[in-house]
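Source file: run.cif. Holds: mmCIF, C-alpha atoms and all ligand atoms.
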data_upload
loop_
_atom_site.label_atom_id
_atom_site.label_comp_id
_atom_site.auth_asym_id
_atom_site.auth_seq_id
_atom_site.Cartn_x
_atom_site.Cartn_y
_atom_site.Cartn_z
CA MET A 316 8.12 13.54 -4.70
CA ASN A 317 11.69 13.50 -6.05
CA GLN A 318 10.50 14.64 -9.40
CA ASN A 319 8.69 17.61 -7.82
CA ASN A 320 11.78 18.47 -5.90
CA ASN A 321 13.87 18.40 -9.04
CA ASN A 322 11.36 20.59 -10.78
CA ASN A 323 11.45 23.03 -7.90
CA ASN A 324 15.22 23.05 -7.97
CA ASN A 325 15.21 23.69 -11.68
CA ASN A 326 12.67 26.48 -11.29
CA THR A 327 14.73 28.07 -8.56
CA LYS A 328 17.86 27.89 -10.69
CA THR A 329 16.13 29.28 -13.78
CA LYS A 330 14.59 32.18 -11.90
CA THR A 331 17.83 33.03 -10.14
CA LYS A 332 19.66 32.99 -13.46
CA THR A 333 17.10 35.35 -15.01
CA LYS A 334 17.56 37.74 -12.10
CA THR A 335 21.35 37.71 -12.40
CA ALA A 336 21.27 38.15 -16.17
CA ALA A 337 18.97 41.14 -15.75
CA GLY A 338 21.51 42.93 -13.58
CA GLY A 339 20.44 42.21 -9.97
CA GLY A 340 17.21 44.25 -9.81
CA GLY A 341 18.68 47.41 -8.14
CA ALA A 342 16.61 50.54 -7.39
CA GLY A 343 18.28 52.47 -10.22
CA ASP A 344 17.01 49.99 -12.80
CA LYS A 345 13.50 50.40 -11.46
CA LYS A 346 13.61 54.17 -12.04
CA ARG A 347 14.87 53.76 -15.59
CA ALA A 348 12.20 51.30 -16.62
CA PRO A 349 9.03 51.86 -14.58
CA GLY A 350 6.41 49.16 -15.18
CA GLY A 351 8.82 47.38 -17.52
CA ARG A 352 11.98 45.40 -16.80
CA ALA A 353 12.01 46.28 -13.05
CA GLU A 354 8.50 44.93 -12.63
CA ASP A 355 9.53 41.72 -14.38
CA GLU A 356 12.49 41.47 -12.05
CA ASP A 357 10.27 41.90 -8.99
CA LYS A 358 8.05 39.13 -10.29
CA ASN A 359 11.08 36.91 -10.90
CA THR A 360 12.38 37.54 -7.39
CA ALA A 361 8.99 36.75 -5.88
CA ALA A 362 8.72 33.61 -7.99
CA ALA A 363 12.22 32.51 -6.93
CA ALA A 364 11.33 33.09 -3.26
CA ALA A 365 8.11 31.13 -3.68
CA ALA A 366 9.97 28.28 -5.39
CA LEU A 367 12.51 28.24 -2.58
CA GLU A 368 9.76 28.13 0.06
CA LEU A 369 8.08 25.27 -1.84
CA GLU A 370 11.39 23.43 -1.94
CA ARG A 371 11.81 23.92 1.84
CA GLU A 372 8.26 22.68 2.43
CA GLU A 373 8.96 19.55 0.34
CA LYS A 374 12.08 18.93 2.39
CA ARG A 375 10.19 19.42 5.67
CA LYS A 376 7.57 16.92 4.47
CA LYS A 377 10.25 14.41 3.48
CA MET A 378 11.76 14.64 6.95
CA GLN A 379 8.54 13.45 8.61
CA PRO A 380 8.63 9.72 9.26
CA PRO A 381 5.87 8.05 7.21
CA LYS A 382 2.66 7.05 9.02
CA LYS A 383 1.99 3.31 9.05
CA ARG A 384 -1.78 3.76 8.77
CA LEU A 385 -1.32 5.22 5.28
CA TYR A 386 0.28 1.97 4.07
CA ARG A 387 -2.55 -0.47 4.70
CA THR A 388 -1.98 -3.99 3.43
CA ARG A 389 -2.92 -7.62 3.95
CA ALA A 390 -1.44 -9.29 7.02
CA HIS A 391 0.20 -12.01 4.91
CA SER A 392 1.37 -12.74 1.38
CA ASN A 393 1.74 -16.20 -0.05
CA PRO A 394 5.44 -16.63 -0.91
CA LEU A 395 4.63 -19.52 -3.27
CA ASN A 396 2.32 -17.46 -5.46
CA ASP A 397 3.71 -16.18 -8.71
CA GLN A 398 4.40 -12.50 -8.21
CA SER A 399 4.18 -10.01 -11.00
CA PHE A 400 6.99 -7.66 -9.93
CA LYS A 401 10.15 -7.39 -11.98
CA VAL A 402 13.46 -8.84 -10.89
CA PRO A 403 16.84 -8.36 -12.58
CA ARG A 404 18.07 -11.31 -14.63
CA HIS A 405 21.46 -11.37 -12.90
CA PRO A 406 23.12 -9.61 -9.91
CA SER A 407 25.35 -7.68 -12.32
CA GLU A 408 22.24 -5.98 -13.69
CA VAL A 409 21.24 -4.47 -10.34
CA ASN A 410 21.91 -0.75 -10.18
CA TRP A 411 23.00 -0.55 -6.55
CA ALA A 412 23.83 3.15 -6.94
CA GLU A 413 20.09 3.75 -7.16
CA HIS A 414 19.62 2.20 -3.73
CA PHE A 415 22.75 3.59 -2.08
CA PRO A 416 23.39 6.87 -3.96
CA ALA A 417 25.67 8.50 -1.39
CA VAL A 418 27.80 5.37 -1.03
CA ALA A 419 28.08 5.07 -4.82
CA LYS A 420 29.57 8.58 -4.94
CA ASN A 421 32.33 7.65 -2.48
CA PRO A 422 35.17 5.98 -4.43
CA GLU A 423 36.56 4.46 -1.20
CA ALA A 424 33.32 2.77 -0.15
CA LYS A 425 32.36 -0.77 -1.12
CA LEU A 426 29.09 -0.82 -3.05
CA GLU A 427 28.14 -4.37 -2.08
CA VAL A 428 25.37 -5.58 0.21
CA GLU A 429 26.69 -7.73 3.07
CA ASN A 430 23.74 -8.01 5.46
CA VAL A 431 20.24 -9.06 4.46
CA ASP A 432 17.14 -8.83 6.63
CA VAL A 433 14.74 -11.32 5.02
CA GLY A 434 11.08 -10.32 5.45
CA CYS A 435 12.15 -7.08 7.10
CA GLY A 436 8.55 -5.99 7.74
CA PHE A 437 8.40 -2.35 8.82
CA GLY A 438 12.18 -2.04 8.95
CA GLY A 439 13.02 -1.51 12.63
CA TYR A 440 15.79 -4.10 12.70
CA LEU A 441 17.13 -3.05 9.28
CA LEU A 442 17.62 0.50 10.57
CA LYS A 443 19.40 -0.90 13.61
CA LEU A 444 21.78 -2.74 11.25
CA GLY A 445 22.56 0.59 9.59
CA GLU A 446 23.49 2.02 12.99
CA VAL A 447 25.48 -0.97 14.25
CA TYR A 448 27.45 -1.57 11.03
CA PRO A 449 28.07 1.90 9.55
CA ASP A 450 30.67 0.62 7.07
CA GLN A 451 28.58 -2.22 5.69
CA LEU A 452 25.56 -2.13 3.40
CA SER A 453 22.41 -3.73 4.77
CA LEU A 454 19.37 -4.57 2.68
CA GLY A 455 15.81 -5.45 3.68
CA LEU A 456 13.83 -7.81 1.47
CA GLU A 457 10.08 -7.60 1.79
CA LEU A 458 7.33 -9.34 -0.13
CA ARG A 459 4.43 -6.96 0.57
CA ASP A 460 4.48 -3.90 -1.68
CA LYS A 461 2.92 -1.37 0.73
CA VAL A 462 5.24 -2.45 3.52
CA THR A 463 8.24 -2.12 1.22
CA GLU A 464 7.04 1.36 0.24
CA TYR A 465 6.69 2.31 3.92
CA VAL A 466 10.25 1.21 4.70
CA ALA A 467 11.61 3.01 1.62
CA ASP A 468 9.84 6.23 2.70
CA ARG A 469 11.10 5.76 6.24
CA ILE A 470 14.67 5.53 4.96
CA THR A 471 14.21 8.57 2.69
CA ALA A 472 12.93 10.60 5.66
CA LEU A 473 15.85 9.50 7.84
CA ARG A 474 18.37 10.34 5.13
CA ALA A 475 16.80 13.79 4.76
CA GLU A 476 17.26 14.40 8.48
CA GLU A 477 20.98 14.64 7.77
CA GLY A 478 22.39 12.98 10.84
CA GLY A 479 19.27 12.23 12.79
CA GLU A 480 18.62 15.70 14.20
CA GLY A 481 15.24 15.89 15.86
CA GLY A 482 13.75 12.84 14.10
CA GLU A 483 13.53 9.13 14.84
CA GLY A 484 17.07 8.39 13.70
CA LYS A 485 20.15 7.91 15.80
CA GLU A 486 22.31 11.02 15.92
CA GLY A 487 25.25 10.80 13.56
CA CYS A 488 23.75 7.99 11.47
CA THR A 489 22.90 9.02 7.92
CA TYR A 490 21.13 5.76 6.94
CA GLU A 491 22.81 5.94 3.54
CA ASN A 492 23.95 2.34 4.16
CA VAL A 493 20.45 0.79 4.34
CA ALA A 494 17.92 0.13 1.60
CA VAL A 495 14.89 -2.04 0.97
CA LEU A 496 13.75 -4.03 -2.04
CA ARG A 497 10.51 -5.71 -2.86
CA ALA A 498 11.49 -9.30 -3.46
CA ASN A 499 10.43 -12.84 -2.74
CA ALA A 500 13.36 -14.25 -0.80
CA GLN A 501 12.21 -17.80 -1.56
CA LYS A 502 12.74 -17.23 -5.26
CA ASP A 503 14.74 -14.13 -6.01
CA LEU A 504 18.04 -14.35 -4.11
CA PRO A 505 20.10 -15.57 -7.12
CA HIS A 506 18.96 -12.48 -9.01
CA TYR A 507 20.54 -10.17 -6.45
CA PHE A 508 23.53 -11.84 -4.80
CA ARG A 509 26.69 -13.72 -5.71
CA LYS A 510 28.06 -16.83 -4.04
CA GLY A 511 29.67 -16.02 -0.67
CA GLN A 512 28.71 -12.35 -0.82
CA LEU A 513 26.84 -12.10 2.48
CA ARG A 514 28.17 -11.78 6.01
CA ARG A 515 24.81 -12.09 7.71
CA MET A 516 21.27 -13.18 6.92
CA PHE A 517 18.39 -12.51 9.31
CA PHE A 518 15.06 -14.31 9.62
CA LEU A 519 13.28 -12.43 12.40
CA PHE A 520 9.82 -13.44 13.51
CA PRO A 521 9.02 -15.10 10.15
CA ASP A 522 5.42 -15.96 9.26
CA PRO A 523 4.68 -19.20 11.14
CA HIS A 524 2.37 -20.88 8.58
CA PHE A 525 0.89 -23.00 11.36
CA LYS A 526 -1.02 -25.61 9.35
CA ALA A 527 1.03 -28.66 8.38
CA SER A 528 -0.19 -28.25 4.79
CA ASN A 529 1.40 -24.78 4.76
CA HIS A 530 4.79 -25.74 6.20
CA ARG A 531 6.15 -25.74 2.65
CA ARG A 532 5.70 -21.95 2.71
CA ARG A 533 8.09 -21.56 5.63
CA ILE A 534 11.18 -19.47 5.01
CA ILE A 535 13.47 -22.06 6.61
CA SER A 536 13.55 -25.44 4.89
CA GLU A 537 16.18 -27.93 3.77
CA GLN A 538 16.30 -26.60 0.19
CA LEU A 539 16.23 -22.95 1.20
CA LEU A 540 19.07 -23.53 3.67
CA ASP A 541 21.14 -24.93 0.77
CA GLU A 542 20.52 -21.64 -0.99
CA TYR A 543 21.30 -19.48 2.03
CA ALA A 544 24.53 -21.44 2.56
CA HIS A 545 25.48 -20.61 -1.01
CA PHE A 546 25.16 -16.85 -0.45
CA ILE A 547 26.64 -16.61 3.06
CA ARG A 548 30.43 -16.62 3.11
CA SER A 549 32.37 -19.07 5.24
CA GLY A 550 32.39 -17.69 8.82
CA GLY A 551 29.25 -15.62 8.12
CA ARG A 552 26.11 -16.01 10.22
CA LEU A 553 22.43 -16.84 9.91
CA TYR A 554 20.11 -15.50 12.63
CA THR A 555 16.60 -16.63 13.51
CA ILE A 556 14.18 -15.62 16.23
CA THR A 557 10.48 -16.28 16.77
CA ASP A 558 7.88 -16.21 19.51
CA VAL A 559 6.25 -19.41 18.18
CA GLU A 560 7.79 -22.31 20.08
CA GLU A 561 7.00 -24.93 17.44
CA LEU A 562 8.49 -22.76 14.66
CA GLY A 563 11.57 -22.13 16.81
CA ALA A 564 12.04 -25.89 17.16
CA TRP A 565 11.45 -26.34 13.40
CA MET A 566 14.10 -23.79 12.46
CA LYS A 567 16.58 -25.19 14.99
CA SER A 568 16.11 -28.80 13.85
CA HIS A 569 16.55 -27.88 10.17
CA LEU A 570 19.66 -25.83 10.89
CA ASP A 571 21.13 -28.49 13.23
CA ALA A 572 20.67 -31.06 10.47
CA HIS A 573 22.35 -28.97 7.79
CA PRO A 574 26.00 -29.90 7.18
CA LEU A 575 27.04 -26.34 6.29
CA PHE A 576 25.81 -24.65 9.47
CA GLU A 577 27.03 -24.96 13.05
CA ARG A 578 25.24 -23.54 16.07
CA VAL A 579 26.69 -20.50 17.86
CA GLY A 580 26.46 -21.04 21.62
CA ASP A 581 24.45 -18.86 23.98
CA GLU A 582 27.59 -17.97 25.97
CA GLU A 583 29.04 -16.26 22.90
CA LEU A 584 25.79 -14.53 21.96
CA ASP A 585 24.95 -13.37 25.48
CA GLY A 586 28.57 -12.48 26.22
CA GLY A 587 28.19 -9.47 23.93
CA GLY A 588 30.53 -10.78 21.21
CA ASP A 589 27.88 -10.45 18.51
CA GLU A 590 26.38 -6.96 18.07
CA ALA A 591 23.63 -8.17 15.73
CA ALA A 592 22.44 -10.78 18.23
CA LYS A 593 21.96 -8.16 20.95
CA PHE A 594 19.08 -6.50 19.12
CA LEU A 595 17.25 -9.62 17.92
CA PRO A 596 14.68 -9.51 20.75
CA SER A 597 14.10 -5.76 20.67
CA ALA A 598 14.67 -3.85 17.41
CA SER A 599 12.09 -5.09 14.91
CA GLU A 600 8.41 -4.16 15.12
CA GLU A 601 7.40 -7.79 15.79
CA ALA A 602 10.04 -8.02 18.51
CA GLN A 603 8.61 -4.90 20.14
CA LYS A 604 5.10 -6.35 19.99
CA VAL A 605 6.25 -9.58 21.64
CA LYS A 606 8.11 -7.58 24.29
CA ARG A 607 5.04 -5.46 25.05
CA ASN A 608 3.02 -8.64 25.53
CA GLU A 609 5.81 -10.14 27.63
CA GLY A 610 6.00 -13.09 25.23
CA LYS A 611 8.81 -15.63 25.16
CA THR A 612 11.23 -15.79 22.23
CA TYR A 613 13.28 -18.63 20.71
CA ARG A 614 16.58 -17.65 19.15
CA SER A 615 18.96 -19.72 17.00
CA VAL A 616 22.14 -18.36 15.44
CA TYR A 617 24.38 -20.41 13.16
CA ARG A 618 27.82 -19.99 11.65
CA ARG A 619 28.37 -20.89 8.01
CA ARG A 620 31.18 -23.48 8.00
C1 LIG B 701 5.76 -11.56 10.79
S1 LIG B 701 6.52 -10.43 9.74
C2 LIG B 701 8.06 -10.04 10.57
C3 LIG B 701 8.64 -8.76 10.09
C4 LIG B 701 9.97 -8.35 10.72
N1 LIG B 701 11.00 -9.32 10.46
C5 LIG B 701 9.83 -8.09 12.18
O1 LIG B 701 10.44 -8.84 12.96
O2 LIG B 701 9.12 -7.15 12.55
C6 LIG B 701 7.13 -11.42 8.38
C7 LIG B 701 7.43 -10.58 7.17
O3 LIG B 701 8.06 -11.37 6.18
C8 LIG B 701 7.54 -11.02 4.90
N2 LIG B 701 7.77 -12.17 4.02
C9 LIG B 701 7.12 -13.37 4.07
N3 LIG B 701 7.61 -14.20 3.13
C10 LIG B 701 8.55 -13.49 2.45
C11 LIG B 701 9.39 -13.79 1.35
N4 LIG B 701 9.35 -14.98 0.75
N5 LIG B 701 10.24 -12.84 0.90
C12 LIG B 701 10.28 -11.61 1.49
N6 LIG B 701 9.50 -11.29 2.55
C13 LIG B 701 8.66 -12.20 3.02
C14 LIG B 701 6.09 -10.70 5.19
O4 LIG B 701 5.49 -9.92 4.19
C15 LIG B 701 6.18 -10.00 6.54
O5 LIG B 701 6.34 -8.62 6.39
#

Write the structure described by the file as structure tokens, please.
Ligand SMILES: C[S@@+](CC[C@H](N)C(=O)[O-])C[C@H]1O[C@@H](n2cnc3c(N)ncnc32)[C@H](O)[C@@H]1O
Amino acid sequence: MNQNNNNNNNNTKTKTKTKTAAGGGGAGDKKRAPGGRAEDEDKNTAAAAAALELEREEKRKKMQPPKKRLYRTRAHSNPLNDQSFKVPRHPSEVNWAEHFPAVAKNPEAKLEVENVDVGCGFGGYLLKLGEVYPDQLSLGLELRDKVTEYVADRITALRAEEGGEGGEGKEGCTYENVAVLRANAQKDLPHYFRKGQLRRMFFLFPDPHFKASNHRRRIISEQLLDEYAHFIRSGGRLYTITDVEELGAWMKSHLDAHPLFERVGDEELDGGGDEAAKFLPSASEEAQKVKRNEGKTYRSVYRRR
């Protein structure tokens, strides 16, 4: 899509240049060279107009939010399977400008991810992070390739809306501060982040892996919490929410037992002091599904000591 756009841009530029170099295509020229240069100029003008229209059409298409049904995928991926996608060897090798191009162009902005939505699914909560924290970069990590592609296209469409006019975005939000990566959060975090880099990590409605034999696949475990504690800075926060009571208890007990995390009380969370906590039960696609079904949710938020 981008490549086509670039080609169209180039075509438009080339044709416009030709027209200018030929002297603007005035009526006098046409009389002097009937069927010759003037005809060529007419053709060039028509071609430039067609290229411009094509470019506009591409832009209109890009502005449409992607349709979920075109990104069919399996309901689950096994996070313990070896995946074949490429990961950088070290965080310094990640080209963040590719993911946040507008931010990279601003010399005053910090090109460093601070919020991570682990298993972001279809991206509803990630987009909310972009709205709530306009000056911070938020990244979604997603294991399933089609779902990652959907979120990436959703972000591209929102960015093309230029401020959310008439689309699904919030007015005034450019979504230049959100991006998504295909990654296995159980394995790949050290390839993307440095120690103490993150303000917030989110684990929203994670896959429950009900069977006891599959509990080792769960995204919250003693070892994984050690890793998350490494990447979250002191004073940063880790957020969990689920509609599965047993999983809620599992996440809470693991976090309570971890020496580097302390529980944030409900008074603080419900008192409105934490913007991110407000949207836990409503912004993601799973949250919306649970809400529609009037399901109960279990929330646990912890501060990194
Ligand atoms: C039940 S969905 C919840 C999605 C989203 N958080 C929401 O609330 O709508 C869990 C998501 O986590 C993803 N996931 C599971 N394990 C993962 C891992 N190790 N790394 C990244 N994503 C993972 C799944 O592919 C799935 O999209």

Self-check item: Spatial sel., origin (19.4, -5.1, 12.1), limit 12 Å, only C-alpha atoms, listed as number ranges by chain
Solution: A: 429-449, 451-455, 492-494, 515-519, 554-555, 589-600, 602

Quiz prompt | Gap from CA of Ser615 (chain A) to CA of Gln501 (chain A) - Å, one decimal | solution = 19.8 Å

Exercise. Identify which of the residues A:Glu427, A:Ala472, A:His569, A:Val495 lies closest to Trp411 (chain A), counting only C-alpha atoms when measuring atom-to-atom distances.
Key: A:Glu427

Quiz item: Can you tell me how far CA of Glu582 (chain A) sits from CA of Arg619 (chain A), in Å to one decimal?
Solution: 18.2 Å

Taking all atoms of ligand LIG 701 (chain B) that the file lists and extending 4 Å past them on each side, where is the centre of the axis-aligned box and how long are its edges? Answer in Å to one decimal, as lines of an AutoDock Vina configuration file.
center_x = 8.2
center_y = -11.1
center_z = 6.9
size_x = 13.5
size_y = 15.8
size_z = 20.2

Quiz prompt | Interatomic distance (Å, one decimal) between CA of Arg497 (chain A) and atom N6 of ligand LIG 701 (chain B) | solution = 7.8 Å

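The closest residue to His524 (chain A), picked from A:Gly511, A:Glu491, A:Val559, A:His506 and counting all atoms listed in the file, is A:Val559.
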